[in-house]
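One structure is given here, and the rest of the page talks about it.
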Amino acid sequence: MNNPEINQETVLDASTLGTNKMLILGLQHLFAMFGATVLVPALTGLNVSTTLMFAGVGTLLFHFITGMKVPAFLGSSFAFLGGYAAIAPMIDGAPNTAMLPYACAGVAVAGMMYMVLAFFFKQFGTAKVMRYFPPIVTGPVIICIGLTLAGSAISNCRSNWAIALVAIIVVVVCNIWGKGMVKIVPILLGVVASYLFALLVDPSARAHVAETVAAAQWFGIPVIWENTAFSIFGQNFDGGLLLTAIVTIAPISLATVVEHIGDVCAISSTVGKNFVADPGLHRTLIGDGLATSVASLFGAPANTTYGENTGVLALSKVYDPKVVRLAAIFAIVLSFCPKFAALIVAMPAATMGGVSLVLYGMISAVGVRNVVENQVDFTKSRNVLVAALIMGLTIGINYNGAIVIPVGGITISMSGLAVGALVGILMNAVLPGKDYEFGMNEMGDKSVNFGTRANDSQ
């Protein structure tokens, strides 16, 4: 294979392209994951630099556990935004420093759920385990994740609808009519266009960005001790809040595991190798779950395999995992630049609102797609009832307050998402008439160009 041409011939060993091309390909993967990954800390109040560091560390950890075989990048998951919003909602645009550590602890437990499910996959096989999490359960749960978040997006848009509309229009235009990398990174382009528009038309936004960025240093150590799950264990530790966070957030992992499997199938299809068999789903799940738990323990968002990087693989036809590991190293290096993090933190609320409105809607759309592609039979009453209760309980409780359950000397608050997911799983397990048989061909390509991780959900 001498001097293979990218986009014309498959490249399995990127070193044959030369160092310069390998570096460029690594940067391309970095840009593909970039917009979605940095938007999650902006929406939750977590630290941008810490997020970039653990996106890189999580990716390298995933590659180590999977035997350096799977060309996957792990970035911030949008699926857990509902959990963060329920436990640690932003306060007037500022991080909820009192509650973020509890939310991170809940996400860390969700990551451990991956490892428990990986054990079951290894022991009993994928088909038997997935019977308990069919599309009639995971689809409505994913739909509800997006719907419960949509209100916060509208609130941000209202600060300046013109700026928000620029973000929305650019994302839609790039995703529908864009070519090549433009189609792969519409979220990033939407953020950049809306941000620049805000700086041109809004003097207050321009002053805020200038002041925030000027105050930041060019080089600094990422703050990996801020808002960590470890910080809850102090004098003001509240066991009830911790249990509430776990009960609220951990069930989300049941939906993201399904999306993880879809992403692994998509990568397998793109590369032409069966990663479901080798290194095996149990290893990819352990890698994803461990990366999520480690990131959360140190104050970064949950990680997940990124569909947009799968799109880059298809675009470039360079399937060497070394290129993805280069992108992970670039992310870690970038995490040592506080000035860049300040630029993200100073992003206008309307820009975040416009982009997140599309993202949250896409999360729900992924749930609809999950149901449609797997041909869920809604002529059956049991399927209608399962979906109805999941969505009714989730949305209803979300707008009327969590369900409070006293347990001994502590109080557990269960969010609508937690109640809906648990009730759906239980109903599906006990009601007669289950007709879903899991097959790897049914998963198809679950990657989403928008970068929504309803794994995420991205």
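Going by the structure tokens order, chains are called A, B, ..., each with residues numbered from 1, while ligands are numbered from 1 in the order shown.
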Within 12 Å of Ser77 in chain A, counting only C-alpha atoms, which residues show up once you throw out same-chain ones fewer than 5 positions away? Write them as a PDB file with C-alpha atoms, in the first residue's frame, please.
```
ATOM      1  CA  MET A  33     -16.239  15.777  18.439  1.00  0.00           C
ATOM      2  CA  ALA A  36     -20.861  18.631  21.128  1.00  0.00           C
ATOM      3  CA  THR A  37     -18.243  17.817  23.773  1.00  0.00           C
ATOM      4  CA  VAL A  38     -17.658  21.391  24.960  1.00  0.00           C
ATOM      5  CA  LEU A  39     -21.367  22.256  24.833  1.00  0.00           C
ATOM      6  CA  VAL A  40     -22.213  19.803  27.638  1.00  0.00           C
ATOM      7  CA  PRO A  41     -20.156  21.583  30.325  1.00  0.00           C
ATOM      8  CA  LEU A  43     -25.068  23.582  29.659  1.00  0.00           C
ATOM      9  CA  THR A  44     -24.402  21.911  33.018  1.00  0.00           C
ATOM     10  CA  THR A  51     -14.220  17.900  30.194  1.00  0.00           C
ATOM     11  CA  ALA A  55     -12.670  13.058  26.943  1.00  0.00           C
ATOM     12  CA  GLY A  82     -31.779  15.439  32.033  1.00  0.00           C
ATOM     13  CA  GLY A  83     -30.141  13.949  35.103  1.00  0.00           C
ATOM     14  CA  TYR A  84     -27.936  16.988  35.655  1.00  0.00           C
ATOM     15  CA  VAL A 107     -23.395   9.601  36.775  1.00  0.00           C
ATOM     16  CA  GLY A 111     -21.085   4.216  34.476  1.00  0.00           C
ATOM     17  CA  ILE A 252     -30.503   6.590  32.109  1.00  0.00           C
ATOM     18  CA  SER A 253     -27.678   4.110  31.506  1.00  0.00           C
ATOM     19  CA  ALA A 255     -30.989   3.727  27.333  1.00  0.00           C
ATOM     20  CA  THR A 256     -27.385   4.704  26.666  1.00  0.00           C
ATOM     21  CA  VAL A 257     -26.256   1.067  26.659  1.00  0.00           C
ATOM     22  CA  GLU A 259     -27.150   3.449  21.894  1.00  0.00           C
ATOM     23  CA  HIS A 260     -23.627   2.231  22.699  1.00  0.00           C
ATOM     24  CA  ASP A 288     -17.311   3.151  27.955  1.00  0.00           C
ATOM     25  CA  GLY A 289     -18.610   2.672  31.507  1.00  0.00           C
ATOM     26  CA  ALA A 291     -14.464   6.157  31.135  1.00  0.00           C
ATOM     27  CA  THR A 292     -17.796   7.623  32.309  1.00  0.00           C
ATOM     28  CA  ALA A 295     -14.662  11.319  34.304  1.00  0.00           C
ATOM     29  CA  SER A 296     -17.607  11.866  36.663  1.00  0.00           C
ATOM     30  CA  ALA A 300     -16.346  15.909  34.035  1.00  0.00           C
ATOM     31  CA  PRO A 301     -19.498  14.848  32.134  1.00  0.00           C
ATOM     32  CA  ALA A 302     -20.366  11.275  31.251  1.00  0.00           C
ATOM     33  CA  ASN A 303     -18.529   9.939  28.196  1.00  0.00           C
ATOM     34  CA  THR A 304     -19.976   8.064  25.248  1.00  0.00           C
ATOM     35  CA  THR A 305     -18.891   6.735  21.868  1.00  0.00           C
ATOM     36  CA  TYR A 306     -19.356   9.469  19.270  1.00  0.00           C
ATOM     37  CA  GLY A 307     -21.277   8.890  16.034  1.00  0.00           C
ATOM     38  CA  LEU A 359     -29.954  18.955  20.082  1.00  0.00           C
ATOM     39  CA  ILE A 363     -32.544  13.414  21.228  1.00  0.00           C
ATOM     40  CA  GLY A 451     -23.674  14.878  17.566  1.00  0.00           C
ATOM     41  CA  THR A 452     -26.705  14.303  19.775  1.00  0.00           C
ATOM     42  CA  ARG A 453     -25.881  11.682  22.290  1.00  0.00           C
ATOM     43  CA  ALA A 454     -29.049  10.230  23.428  1.00  0.00           C
ATOM     44  CA  ASN A 455     -26.614   7.811  24.296  1.00  0.00           C
ATOM     45  CA  ASP A 456     -26.757  10.881  23.575  1.00  0.00           C
ATOM     46  CA  SER A 457     -28.432  10.024  23.444  1.00  0.00           C
ATOM     47  CA  GLN A 458     -23.880  11.205  21.390  1.00  0.00           C
TER      48      GLN A 458
END
```
List every residue of range 69-134 of chain A that DSSP, applied to the backbone of this structure, places in strand (DSSP E or B), and write the result as a PyMOL selection string. chain A and resi 74-76+91+94
Closest of A:Ser335, A:Asn400, A:Ser159, A:Asn96 to Gly56 in chain A, counting only C-alpha atoms, is A:Ser335
Let's see if you can do this: from backbone DSSP, list all alpha helix (DSSP H) residues in range 340-394 of chain A, as an MDAnalysis selection string. chainID A and resid 340:345 349:373 381:394
Resulting file, chosen residues, C-alpha atoms, as a PDB file, in the first residue's frame:
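Final file, result.pdb:
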```
ATOM      1  CA  PHE A 340      -9.931  28.687  25.481  1.00  0.00           C
ATOM      2  CA  ALA A 341     -12.138  27.434  28.326  1.00  0.00           C
ATOM      3  CA  ALA A 342     -13.039  31.060  29.136  1.00  0.00           C
ATOM      4  CA  LEU A 343     -14.147  31.570  25.530  1.00  0.00           C
ATOM      5  CA  ILE A 344     -16.606  28.686  25.943  1.00  0.00           C
ATOM      6  CA  VAL A 345     -17.831  29.828  29.364  1.00  0.00           C
ATOM      7  CA  ALA A 349     -27.035  32.182  26.428  1.00  0.00           C
ATOM      8  CA  ALA A 350     -28.967  32.584  23.166  1.00  0.00           C
ATOM      9  CA  THR A 351     -26.239  30.725  21.256  1.00  0.00           C
ATOM     10  CA  MET A 352     -26.482  27.820  23.685  1.00  0.00           C
ATOM     11  CA  GLY A 353     -30.258  28.034  23.501  1.00  0.00           C
ATOM     12  CA  GLY A 354     -30.418  27.814  19.725  1.00  0.00           C
ATOM     13  CA  VAL A 355     -27.990  24.918  19.450  1.00  0.00           C
ATOM     14  CA  SER A 356     -29.448  23.026  22.412  1.00  0.00           C
ATOM     15  CA  LEU A 357     -32.992  23.435  21.045  1.00  0.00           C
ATOM     16  CA  VAL A 358     -31.922  21.445  17.997  1.00  0.00           C
ATOM     17  CA  LEU A 359     -29.954  18.955  20.082  1.00  0.00           C
ATOM     18  CA  TYR A 360     -32.724  18.292  22.579  1.00  0.00           C
ATOM     19  CA  GLY A 361     -35.218  17.867  19.766  1.00  0.00           C
ATOM     20  CA  MET A 362     -32.830  15.479  18.053  1.00  0.00           C
ATOM     21  CA  ILE A 363     -32.544  13.414  21.228  1.00  0.00           C
ATOM     22  CA  SER A 364     -36.312  12.894  21.136  1.00  0.00           C
ATOM     23  CA  ALA A 365     -36.143  12.225  17.388  1.00  0.00           C
ATOM     24  CA  VAL A 366     -33.548   9.501  17.995  1.00  0.00           C
ATOM     25  CA  GLY A 367     -36.030   7.877  20.375  1.00  0.00           C
ATOM     26  CA  VAL A 368     -38.743   7.992  17.708  1.00  0.00           C
ATOM     27  CA  ARG A 369     -36.291   6.526  15.217  1.00  0.00           C
ATOM     28  CA  ASN A 370     -35.461   3.747  17.683  1.00  0.00           C
ATOM     29  CA  VAL A 371     -39.130   2.776  17.826  1.00  0.00           C
ATOM     30  CA  VAL A 372     -39.776   3.098  14.075  1.00  0.00           C
ATOM     31  CA  GLU A 373     -36.662   1.303  12.812  1.00  0.00           C
ATOM     32  CA  SER A 381     -52.247  -2.917  23.795  1.00  0.00           C
ATOM     33  CA  ARG A 382     -49.296  -3.958  25.952  1.00  0.00           C
ATOM     34  CA  ASN A 383     -46.907  -1.877  23.848  1.00  0.00           C
ATOM     35  CA  VAL A 384     -49.227   1.133  23.909  1.00  0.00           C
ATOM     36  CA  LEU A 385     -49.549   0.876  27.700  1.00  0.00           C
ATOM     37  CA  VAL A 386     -45.793   0.580  28.273  1.00  0.00           C
ATOM     38  CA  ALA A 387     -45.048   3.641  26.118  1.00  0.00           C
ATOM     39  CA  ALA A 388     -47.977   5.601  27.559  1.00  0.00           C
ATOM     40  CA  LEU A 389     -46.944   5.120  31.168  1.00  0.00           C
ATOM     41  CA  ILE A 390     -43.279   5.863  30.493  1.00  0.00           C
ATOM     42  CA  MET A 391     -44.093   9.171  28.790  1.00  0.00           C
ATOM     43  CA  GLY A 392     -47.029  10.101  31.011  1.00  0.00           C
ATOM     44  CA  LEU A 393     -45.128   9.536  34.244  1.00  0.00           C
ATOM     45  CA  THR A 394     -41.901  11.157  33.023  1.00  0.00           C
TER      46      THR A 394
END
```
Using only C-alpha atoms, find the one residue out of A:Gly18, A:Gly416, A:Gly239, A:Gly433 that sits nearest to Asn398 in chain A. A:Gly416
Select, from A:Val182, A:Ala331, A:Ile168, A:Val137, the residue with the minimum atom-to-atom distance to Lys434 in chain A, counting only C-alpha atoms.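 Checking each candidate against Lys434 in chain A, we get A:Val137 as the closest.
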Find the spatial neighbours of range 245-249 of chain A, counting only C-alpha atoms, within a cut-off of 7 Å - ignore same-chain residues fewer than 3 positions away - and output them as a VMD selection string. chain A and resid 83 87 102 to 103 106 to 107 109 to 110 241 to 242 252 414 to 415 417 to 418
Take the selection from the previous step and output its residues with N, CA and C atoms, as a JSON list (two decimals), in the first residue's frame.
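Result file again.json:
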```
[["chain", "number", "residue", "atom", "x", "y", "z"],
["A", 83, "GLY", "N", -30.53, 14.26, 33.73],
["A", 83, "GLY", "CA", -30.14, 13.95, 35.10],
["A", 83, "GLY", "C", -29.49, 15.12, 35.80],
["A", 87, "ILE", "N", -31.01, 17.18, 39.14],
["A", 87, "ILE", "CA", -30.28, 17.21, 40.42],
["A", 87, "ILE", "C", -29.58, 18.54, 40.66],
["A", 102, "TYR", "N", -23.14, 15.85, 43.67],
["A", 102, "TYR", "CA", -24.10, 14.75, 43.81],
["A", 102, "TYR", "C", -24.51, 14.22, 42.44],
["A", 103, "ALA", "N", -24.71, 15.14, 41.49],
["A", 103, "ALA", "CA", -25.06, 14.71, 40.14],
["A", 103, "ALA", "C", -23.92, 13.89, 39.53],
["A", 106, "GLY", "N", -23.99, 10.44, 40.87],
["A", 106, "GLY", "CA", -25.03, 9.64, 40.22],
["A", 106, "GLY", "C", -24.59, 9.15, 38.86],
["A", 107, "VAL", "N", -23.89, 10.00, 38.09],
["A", 107, "VAL", "CA", -23.40, 9.60, 36.77],
["A", 107, "VAL", "C", -22.32, 8.53, 36.91],
["A", 109, "VAL", "N", -22.17, 6.22, 39.16],
["A", 109, "VAL", "CA", -22.87, 4.95, 39.39],
["A", 109, "VAL", "C", -23.48, 4.44, 38.08],
["A", 110, "ALA", "N", -23.99, 5.35, 37.26],
["A", 110, "ALA", "CA", -24.52, 4.96, 35.95],
["A", 110, "ALA", "C", -23.43, 4.30, 35.11],
["A", 241, "LEU", "N", -29.66, 13.02, 49.50],
["A", 241, "LEU", "CA", -29.37, 13.64, 48.20],
["A", 241, "LEU", "C", -28.57, 12.69, 47.31],
["A", 242, "LEU", "N", -27.63, 11.96, 47.92],
["A", 242, "LEU", "CA", -26.83, 11.02, 47.14],
["A", 242, "LEU", "C", -27.71, 9.91, 46.56],
["A", 252, "ILE", "N", -30.77, 6.07, 33.45],
["A", 252, "ILE", "CA", -30.50, 6.59, 32.11],
["A", 252, "ILE", "C", -29.53, 5.68, 31.37],
["A", 414, "MET", "N", -37.55, 10.97, 43.58],
["A", 414, "MET", "CA", -37.45, 10.28, 42.29],
["A", 414, "MET", "C", -37.99, 11.18, 41.18],
["A", 415, "SER", "N", -37.14, 11.47, 40.21],
["A", 415, "SER", "CA", -37.55, 12.32, 39.08],
["A", 415, "SER", "C", -38.49, 11.55, 38.17],
["A", 417, "LEU", "N", -38.09, 11.00, 35.03],
["A", 417, "LEU", "CA", -37.32, 10.12, 34.17],
["A", 417, "LEU", "C", -37.01, 8.79, 34.85],
["A", 418, "ALA", "N", -36.64, 8.86, 36.13],
["A", 418, "ALA", "CA", -36.33, 7.64, 36.88],
["A", 418, "ALA", "C", -37.58, 6.77, 37.04]]
```
